[in-house]
$ cat coords_11.cif   # mmCIF, C-alpha atoms
data_protein
loop_
_atom_site.label_atom_id
_atom_site.label_comp_id
_atom_site.auth_asym_id
_atom_site.auth_seq_id
_atom_site.Cartn_x
_atom_site.Cartn_y
_atom_site.Cartn_z
CA MET L 163 -40.56 -48.12 67.09
CA ASN L 164 -38.57 -46.66 64.21
CA GLU L 165 -39.72 -43.36 62.80
CA ALA L 166 -40.68 -43.24 59.16
CA PRO L 167 -37.92 -41.59 57.09
CA ARG L 168 -38.64 -38.00 56.25
CA ASP L 169 -38.93 -36.90 52.66
CA PRO L 170 -35.81 -35.02 51.63
CA ALA L 171 -36.18 -31.33 50.89
CA PRO L 172 -36.96 -30.75 47.22
CA ARG L 173 -33.94 -29.91 45.13
CA THR L 174 -33.78 -26.56 43.42
CA PRO L 175 -35.04 -27.12 39.86
CA LEU L 176 -32.47 -26.68 37.11
CA TYR L 177 -34.41 -23.87 35.46
CA LEU L 178 -34.22 -21.78 38.65
CA LYS L 179 -30.43 -22.21 38.68
CA VAL L 180 -30.21 -21.11 35.05
CA ALA L 181 -32.56 -18.18 35.71
CA GLY L 182 -30.50 -17.16 38.75
CA ASP L 183 -27.27 -17.15 36.76
CA LEU L 184 -28.79 -15.08 33.95
CA ARG L 185 -30.41 -12.70 36.46
CA THR L 186 -27.01 -12.14 38.07
CA ALA L 187 -25.45 -11.44 34.66
CA ILE L 188 -28.18 -8.93 33.78
CA THR L 189 -27.89 -7.17 37.15
CA ALA L 190 -24.12 -6.98 36.77
CA GLY L 191 -24.52 -5.29 33.38
CA GLU L 192 -23.24 -8.17 31.26
CA TYR L 193 -26.43 -7.79 29.22
CA GLY L 194 -27.44 -4.14 29.08
CA SER L 195 -30.90 -2.73 28.48
CA GLY L 196 -31.96 -3.58 24.93
CA ALA L 197 -29.37 -6.35 24.54
CA ARG L 198 -30.41 -9.73 23.20
CA LEU L 199 -29.81 -12.86 25.23
CA PRO L 200 -28.16 -15.84 23.50
CA ALA L 201 -30.48 -18.16 21.57
CA GLU L 202 -32.19 -21.02 23.42
CA ASP L 203 -30.01 -23.72 21.88
CA GLU L 204 -26.85 -21.80 22.78
CA LEU L 205 -28.01 -21.39 26.39
CA ALA L 206 -28.92 -25.09 26.51
CA ARG L 207 -25.38 -26.03 25.45
CA ARG L 208 -23.82 -23.54 27.86
CA TYR L 209 -25.67 -24.92 30.89
CA GLY L 210 -25.90 -28.54 29.79
CA VAL L 211 -29.71 -28.61 30.00
CA SER L 212 -32.62 -29.13 27.65
CA ARG L 213 -34.25 -26.34 25.68
CA GLY L 214 -37.38 -26.91 27.76
CA THR L 215 -35.41 -26.06 30.90
CA VAL L 216 -34.07 -22.93 29.21
CA ARG L 217 -37.60 -21.86 28.26
CA GLN L 218 -38.71 -22.25 31.88
CA ALA L 219 -35.77 -20.13 33.02
CA LEU L 220 -36.60 -17.42 30.49
CA THR L 221 -40.23 -17.47 31.62
CA ALA L 222 -39.05 -16.82 35.19
CA LEU L 223 -36.98 -13.83 33.99
CA ARG L 224 -39.95 -12.55 32.03
CA THR L 225 -42.12 -12.82 35.14
CA ASP L 226 -39.51 -10.75 36.99
CA GLY L 227 -39.85 -8.06 34.31
CA LEU L 228 -36.22 -8.42 33.20
CA ILE L 229 -36.74 -9.56 29.60
CA THR L 230 -39.30 -9.69 26.84
CA SER L 231 -40.42 -13.09 25.66
CA ARG L 232 -41.93 -13.82 22.26
CA ARG L 233 -41.93 -17.13 20.46
CA GLY L 234 -39.48 -17.35 17.59
CA THR L 235 -37.34 -14.39 18.69
CA ARG L 236 -34.36 -13.97 20.99
CA ARG L 237 -35.20 -12.43 24.34
CA VAL L 238 -34.46 -8.74 24.81
CA VAL L 239 -33.30 -7.36 28.17
CA LEU L 240 -35.60 -4.63 29.49
CA GLY L 241 -33.30 -3.44 32.27
CA GLY L 242 -31.48 -4.36 35.46
CA ALA L 243 -33.12 -5.34 38.70
CA GLY L 244 -33.60 -1.74 39.74
CA GLU L 245 -35.19 -0.67 36.45
CA ALA L 246 -37.88 -3.26 35.79
CA GLY L 247 -40.25 -5.44 37.70
CA GLY L 248 -43.56 -3.57 37.66
CA VAL L 249 -45.66 -6.48 36.43
CA ALA L 250 -43.89 -8.98 38.68
CA GLU L 251 -44.30 -6.70 41.69
CA LEU L 252 -48.02 -6.30 41.11
CA ARG L 253 -48.44 -10.05 40.93
CA SER L 254 -46.15 -10.76 43.88
CA PHE L 255 -46.82 -8.95 47.15
CA THR L 256 -43.56 -10.39 48.53
CA ARG L 257 -41.35 -9.02 45.74
CA TRP L 258 -43.04 -5.64 45.91
CA ALA L 259 -42.54 -5.38 49.67
CA ARG L 260 -38.89 -6.36 49.47
CA SER L 261 -38.27 -3.85 46.68
CA LEU L 262 -39.34 -1.14 49.14
CA GLY L 263 -37.12 -2.41 51.92
CA GLU L 264 -40.18 -3.63 53.86
CA GLU L 265 -40.45 -7.03 55.50
CA PRO L 266 -43.33 -8.99 53.92
CA GLY L 267 -45.38 -11.29 56.08
CA GLY L 268 -48.27 -13.67 55.64
CA ARG L 269 -50.61 -15.68 57.85
CA THR L 270 -52.99 -18.25 56.44
CA VAL L 271 -56.33 -17.87 58.20
CA ALA L 272 -58.29 -20.64 56.48
CA VAL L 273 -57.94 -23.22 53.69
CA ASP L 274 -61.10 -24.87 52.41
CA ARG L 275 -61.61 -27.46 49.68
CA GLY L 276 -64.89 -27.26 47.81
CA GLU L 277 -66.60 -27.15 44.44
CA ALA L 278 -65.97 -24.24 42.08
CA ASP L 279 -68.79 -21.71 41.89
CA ALA L 280 -69.83 -19.98 38.66
CA GLU L 281 -67.26 -17.16 39.00
CA GLU L 282 -64.39 -19.53 39.81
CA THR L 283 -65.40 -21.86 36.99
CA GLU L 284 -65.24 -18.97 34.53
CA HIS L 285 -61.94 -17.46 35.66
CA LEU L 286 -60.09 -20.74 36.21
CA ARG L 287 -61.63 -22.36 33.09
CA LEU L 288 -62.86 -25.37 35.02
CA GLU L 289 -65.75 -27.75 34.59
CA ALA L 290 -68.81 -26.95 36.70
CA GLY L 291 -68.36 -28.30 40.20
CA ALA L 292 -64.62 -29.00 39.78
CA PRO L 293 -62.69 -29.22 43.08
CA VAL L 294 -60.85 -26.08 44.15
CA TYR L 295 -59.01 -24.80 47.21
CA ARG L 296 -59.97 -21.43 48.70
CA VAL L 297 -57.38 -19.67 50.85
CA LEU L 298 -58.02 -16.70 53.17
CA ARG L 299 -54.79 -14.98 54.11
CA LEU L 300 -53.64 -11.83 55.92
CA ARG L 301 -50.64 -9.99 54.45
CA THR L 302 -48.46 -7.61 56.44
CA LEU L 303 -45.72 -5.06 55.83
CA SER L 304 -43.12 -5.02 58.62
CA GLY L 305 -45.72 -6.48 60.96
CA ALA L 306 -48.57 -4.08 60.09
CA PRO L 307 -51.69 -5.59 58.46
CA VAL L 308 -52.32 -4.08 55.02
CA MET L 309 -54.20 -6.60 52.89
CA VAL L 310 -56.59 -9.55 53.03
CA GLU L 311 -56.02 -12.05 50.23
CA ARG L 312 -58.74 -14.40 49.00
CA THR L 313 -57.36 -16.83 46.44
CA THR L 314 -58.91 -19.80 44.71
CA TYR L 315 -56.62 -22.45 43.22
CA PRO L 316 -57.42 -25.39 40.94
CA GLU L 317 -56.99 -28.66 42.81
CA PRO L 318 -53.42 -29.62 41.77
CA VAL L 319 -52.05 -26.21 42.79
CA GLY L 320 -54.30 -25.85 45.82
CA ALA L 321 -53.19 -29.19 47.24
CA LEU L 322 -49.59 -27.92 47.25
CA VAL L 323 -50.64 -24.66 48.94
CA ALA L 324 -52.66 -26.53 51.58
CA ASP L 325 -49.50 -28.39 52.67
CA MET L 326 -47.50 -25.18 53.21
CA PRO L 327 -46.94 -23.81 56.75
CA PRO L 328 -49.46 -21.11 57.79
CA ASP L 329 -46.71 -18.49 58.05
CA THR L 330 -45.35 -19.06 54.53
CA VAL L 331 -44.31 -15.66 53.19
CA SER L 332 -44.41 -16.41 49.46
CA TYR L 333 -46.59 -19.11 47.92
CA SER L 334 -45.28 -18.37 44.42
CA GLU L 335 -41.65 -18.97 45.39
CA ARG L 336 -42.53 -22.34 46.94
CA LEU L 337 -44.78 -23.31 44.05
CA ALA L 338 -41.96 -22.59 41.60
CA ARG L 339 -39.95 -25.37 43.26
CA HIS L 340 -42.72 -27.74 42.18
CA GLY L 341 -42.71 -26.43 38.62
CA VAL L 342 -45.78 -24.17 39.01
CA LEU L 343 -44.91 -20.87 37.31
CA PHE L 344 -46.89 -17.63 37.22
CA ALA L 345 -46.18 -16.14 33.80
CA ASP L 346 -48.99 -13.66 33.06
CA ALA L 347 -51.80 -11.99 34.96
CA HIS L 348 -54.92 -9.98 34.20
CA HIS L 349 -55.76 -7.33 36.81
CA THR L 350 -58.92 -5.41 37.63
CA ILE L 351 -58.71 -2.67 40.27
CA ASP L 352 -61.77 -1.14 41.94
CA ILE L 353 -63.31 -0.42 45.35
CA ALA L 354 -65.05 -2.91 47.66
CA ALA L 355 -66.70 -2.53 51.06
CA ALA L 356 -64.96 -4.29 53.97
CA ASP L 357 -66.84 -7.36 55.14
CA ALA L 358 -66.67 -8.98 58.59
CA ASP L 359 -63.44 -10.87 57.81
CA ASP L 360 -61.77 -7.74 56.45
CA ALA L 361 -62.79 -5.74 59.52
CA ARG L 362 -61.53 -8.42 61.92
CA LEU L 363 -58.19 -8.98 60.20
CA LEU L 364 -57.38 -5.40 59.15
CA GLY L 365 -58.85 -3.66 62.18
CA CYS L 366 -61.09 -1.40 60.09
CA PRO L 367 -64.83 -0.71 60.34
CA ALA L 368 -67.13 -3.04 58.43
CA GLY L 369 -68.33 -1.29 55.29
CA GLU L 370 -65.19 0.85 54.91
CA ALA L 371 -64.06 1.31 51.31
CA LEU L 372 -61.03 -0.85 50.51
CA LEU L 373 -58.90 -0.88 47.37
CA ARG L 374 -59.56 -4.20 45.63
CA GLU L 375 -57.33 -5.93 43.10
CA ARG L 376 -58.86 -8.90 41.28
CA ARG L 377 -56.29 -11.03 39.50
CA ARG L 378 -56.19 -14.13 37.34
CA SER L 379 -52.72 -15.59 36.86
CA THR L 380 -51.75 -18.11 34.20
CA ASP L 381 -48.76 -20.38 33.65
CA PRO L 382 -46.48 -20.26 30.58
CA ALA L 383 -48.99 -22.40 28.64
CA GLY L 384 -51.82 -19.97 29.43
CA VAL L 385 -53.52 -22.29 31.93
CA PRO L 386 -55.03 -20.42 34.93
CA VAL L 387 -53.30 -21.21 38.23
CA GLU L 388 -55.05 -18.76 40.56
CA TRP L 389 -58.03 -16.43 40.86
CA SER L 390 -57.49 -13.88 43.62
CA GLN L 391 -59.26 -10.92 45.19
CA ASP L 392 -56.97 -8.79 47.37
CA ARG L 393 -58.34 -5.98 49.56
CA TYR L 394 -56.00 -3.24 50.83
CA LEU L 395 -56.46 -0.76 53.63
CA PRO L 396 -56.86 2.77 52.25
CA GLY L 397 -53.70 4.83 52.48
CA THR L 398 -51.34 1.85 52.37
CA VAL L 399 -50.81 1.48 48.62
CA ALA L 400 -51.35 3.32 45.37
CA PHE L 401 -51.39 1.76 41.91
CA THR L 402 -49.74 3.53 38.99
CA VAL L 403 -49.56 2.73 35.30
CA HIS L 404 -46.40 3.53 33.37
CA THR L 405 -46.58 2.81 29.66
CA THR L 406 -43.41 1.94 27.74
CA ALA L 407 -42.53 -0.42 24.91
CA ALA L 408 -43.33 -3.14 27.46
CA SER L 409 -46.18 -1.76 29.56
CA ALA L 410 -45.79 -2.32 33.30
CA LEU L 411 -48.23 -1.90 36.14
CA GLY L 412 -46.80 -1.68 39.64
CA ARG L 413 -47.39 -0.76 43.24
CA LEU L 414 -46.09 2.28 45.06
CA LEU L 415 -46.24 2.61 48.81
CA GLY L 416 -48.58 5.41 49.87
CA PRO L 417 -48.97 7.05 53.27
CA ARG L 418 -49.57 4.65 56.15
CA LEU L 419 -52.60 4.86 58.35
CA PRO L 420 -51.81 5.99 61.90
#
$ encode --input "coords_11.cif" --output "structure tokens"
Amino acid sequence: MNEAPRDPAPRTPLYLKVAGDLRTAITAGEYGSGARLPAEDELARRYGVSRGTVRQALTALRTDGLITSRRGTRRVVLGGAGEAGGVAELRSFTRWARSLGEEPGGRTVAVDRGEADAEETEHLRLEAGAPVYRVLRLRTLSGAPVMVERTTYPEPVGALVADMPPDTVSYSERLARHGVLFADAHHTIDIAAADADDARLLGCPAGEALLRERRRSTDPAGVPVEWSQDRYLPGTVAFTVHTTAASALGRLLGPRLP
């Protein structure tokens, strides 16, 4: 019996290619800190793409913390790869870990499809009872468990996540290949007591105080794409706020637990 043909691997979207080229130019110093990038129509002509594709590429650079992005103005470079990235690093565990020279890891523990509860309905701006996907995930740094991630996705995004391998390191990188972009995020940081899942996955006592980051991320159009609650072992991370012309909030690695 003949096997069904496999779906070909998705091609890299054009906007990611444009973003990669511009990122390389910024890192190489072609556009210094404070410089303005070419206008959208000029970039569209240069790369032979639509202005919509250029806007997606610029959104990706903004998410990386490399440029500012305001409608009706040319984008301004904030700095090279080593200078910026605070907001992107807080949103992306993977990027933060790699920026420290650590090896990020992830293991999906459970994926459940259900109806949005009141909190999820509010944060994801859904109708009551709308279908959502809830993902429980353990995150590691160089093999050591540091964080339990509980994320709820609206159905279109969650269905893509549910099809990813359990050991996928970065959901956001894979989602970007499907056109799902994380442009902005609202963060709340506080303390939460470890529950049974936290204790089992992180190896800490139930009831121990964990650093909790609650985050709602939206796409370039302002539509919510995730609602997440991440719980970190104490002593593994510290959050700092550095205020500049473009405020950035980022992670710094603190002392490890023995």
$ residues_around --input "coords_11.cif" --residues "Glu289 in chain L" --least-positions-apart "4" --cutoff "12 Å" --atoms "only C-alpha atoms" --output "MDAnalysis selection string"
chainID L and resid 277:285 293:294 316
$ atom_distance --input "coords_11.cif" --atom1 "CA of Thr313 in chain L" --atom2 "CA of Pro382 in chain L"
19.5 Å
$ resolve_selection --input "coords_11.cif" --expression "the PyMOL selection byres ((chain L and resi 339) around 9)" --output "ChimeraX atom specification"
/L:172-175,178,334-338,340-343
$ atom_distance --input "coords_11.cif" --atom1 "CA of Tyr315 in chain L" --atom2 "CA of Glu388 in chain L"
4.8 Å
$ atom_distance --input "coords_11.cif" --atom1 "CA of Asp346 in chain L" --atom2 "CA of Ser254 in chain L"
11.6 Å
$ closest_residue --input "coords_11.cif" --among "L:Asp392, L:Glu265, L:Asp203, L:Asp226" --to "Arg377 in chain L" --atoms "all atoms listed in the file"
L:Asp392
$ closest_residue --input "coords_11.cif" --among "L:Ala197, L:Leu223, L:Val319, L:Ile353" --to "Leu184 in chain L" --atoms "only C-alpha atoms"
L:Leu223
$ resolve_selection --input "coords_11.cif" --expression "the PyMOL selection byres ((chain L and resi 205-221) around 10)" --output "PyMOL selection string"
chain L and resi 175-185+199-204+222-231+237+341+343-346+381-382
$ residues_around --input "coords_11.cif" --residues "range 272-274 of chain L" --least-positions-apart "6" --cutoff "9 Å" --atoms "all atoms listed in the file" --output "NGL selection string"
:L and (294-299 or 323-324 or 328)
$ residues_near_point --input "coords_11.cif" --point "(-47.7, -14.7, 53.1)" --cutoff "7 Å" --atoms "all atoms listed in the file" --output "list of chain:residue names"
L:Gly267, L:Gly268, L:Arg269, L:Arg301, L:Asp329, L:Thr330, L:Val331, L:Ser332, L:Tyr333
$ closest_residue --input "coords_11.cif" --among "L:Leu373, L:Arg287, L:Asp357, L:Thr350" --to "Arg393 in chain L" --atoms "only C-alpha atoms"
L:Leu373
$ axis_aligned_box --input "coords_11.cif" --around "range 266-285 of chain L" --padding-each-side "5 Å" --output "JSON"
{"center_x": -56.6, "center_y": -18.2, "center_z": 46.4, "size_x": 36.5, "size_y": 28.5, "size_z": 33.7}
$ closest_residue --input "coords_11.cif" --among "L:Pro318, L:Pro266, L:Gly291, L:Gly369" --to "Pro386 in chain L" --atoms "all atoms listed in the file"
L:Pro318
$ closest_residue --input "coords_11.cif" --among "L:Gly305, L:Gly320, L:Gly365, L:Gly263" --to "Trp389 in chain L" --atoms "all atoms listed in the file"
L:Gly320
